[in-house]
Amino acid sequence: MTDSIYTARYQRLREILAEARKSKGLSQKALADKLGRIQTFVSKYERGERRLDVVEFLDVAAALNLEPVEVLRKILARGGK
């Protein structure tokens, strides 16, 4: 089994979250502040240096006003592993 952080699906998750942050006009620092984290937390998961666990994903989605199920649907619609 391939480490999930290197899969196309995980890359798509990172892209979706980064695009959502940027479309809302938030810097990595502003999002990190909303999450009660440091800026490098956002930077590392956006660059693929850090994996988000499911609870962290839910927190990021909430901070970005995203529906987690819709994010997952976008990833699954693309296919791939």
# chains A, B, ... in the order shown; residues from 1 in each chain; ligands from 1

$ residues_around --residues "A:Glu15" --least-positions-apart "5" --cutoff "9 Å" --atoms "only C-alpha atoms" --output "PyMOL selection string"
chain A and resi 10+20+46

$ residues_around --residues "A:Ile16" --least-positions-apart "5" --cutoff "12 Å" --atoms "only C-alpha atoms" --output "list of chain:residue names"
A:Arg9, A:Tyr10, A:Gln11, A:Arg21, A:Lys22, A:Ser23, A:Tyr45, A:Glu46, A:Phe57, A:Val60, A:Ala61, A:Leu64, A:Leu66, A:Glu67, A:Pro68, A:Glu70, A:Val71, A:Leu72, A:Arg73, A:Lys74, A:Ile75

$ closest_residue --among "A:Arg78, A:Val69, A:Lys44, A:Ala62" --to "A:Ile5" --atoms "only C-alpha atoms"
A:Lys44

$ closest_residue --among "A:Leu58, A:Leu13, A:Ala77, A:Ala63" --to "A:Leu31" --atoms "only C-alpha atoms"
A:Ala63

$ atom_distance --atom1 "atom CA of A:Ala32" --atom2 "atom CA of A:Asp59"
10.8 Å

$ atom_distance --atom1 "atom CA of A:Asn65" --atom2 "atom CA of A:Phe41"
18.4 Å

$ select_by_dssp --residues "chain A" --states "helix (DSSP H, G or I)" --output "JSON, numbers by chain"
{"A": [4, 5, 6, 8, 9, 10, 11, 12, 13, 14, 15, 16, 17, 18, 19, 20, 21, 22, 23, 28, 29, 30, 31, 32, 33, 34, 35, 39, 40, 41, 42, 43, 44, 45, 46, 47, 54, 55, 56, 57, 58, 59, 60, 61, 62, 63, 68, 69, 70, 71, 72, 73, 74, 75, 76, 77, 78]}

$ residues_around --residues "A:Ala18" --least-positions-apart "6" --cutoff "10 Å" --atoms "only C-alpha atoms" --output "compact mmCIF listing (two decimals) with N, CA and C atoms, in the first residue's frame"
# COMPACT_ATOMS: atom_id res chain seq x y z
N ARG A 12 -5.15 15.91 -4.58
CA ARG A 12 -6.38 16.64 -4.89
C ARG A 12 -6.97 17.28 -3.64
N LEU A 26 -7.95 34.30 2.28
CA LEU A 26 -7.24 34.04 3.53
C LEU A 26 -5.79 33.69 3.27
N SER A 27 -4.91 34.25 4.04
CA SER A 27 -3.51 33.84 4.02
C SER A 27 -3.39 32.56 4.83
N GLN A 28 -2.27 31.89 4.69
CA GLN A 28 -2.03 30.72 5.53
C GLN A 28 -2.06 31.10 7.00
N VAL A 42 -0.52 24.94 8.28
CA VAL A 42 -1.21 25.07 6.99
C VAL A 42 -0.21 24.87 5.85
N SER A 43 0.93 25.50 5.95
CA SER A 43 1.94 25.39 4.90
C SER A 43 2.34 23.94 4.67
N TYR A 45 0.71 21.06 5.37
CA TYR A 45 -0.26 20.16 4.74
C TYR A 45 -0.54 20.59 3.31
N GLU A 46 -0.47 21.88 3.01
CA GLU A 46 -0.69 22.31 1.62
C GLU A 46 0.44 21.84 0.70
N ARG A 47 1.65 21.75 1.21
CA ARG A 47 2.80 21.31 0.40
C ARG A 47 2.97 19.80 0.41
N LEU A 64 -12.98 26.84 6.69
CA LEU A 64 -13.12 27.35 5.33
C LEU A 64 -14.58 27.36 4.86
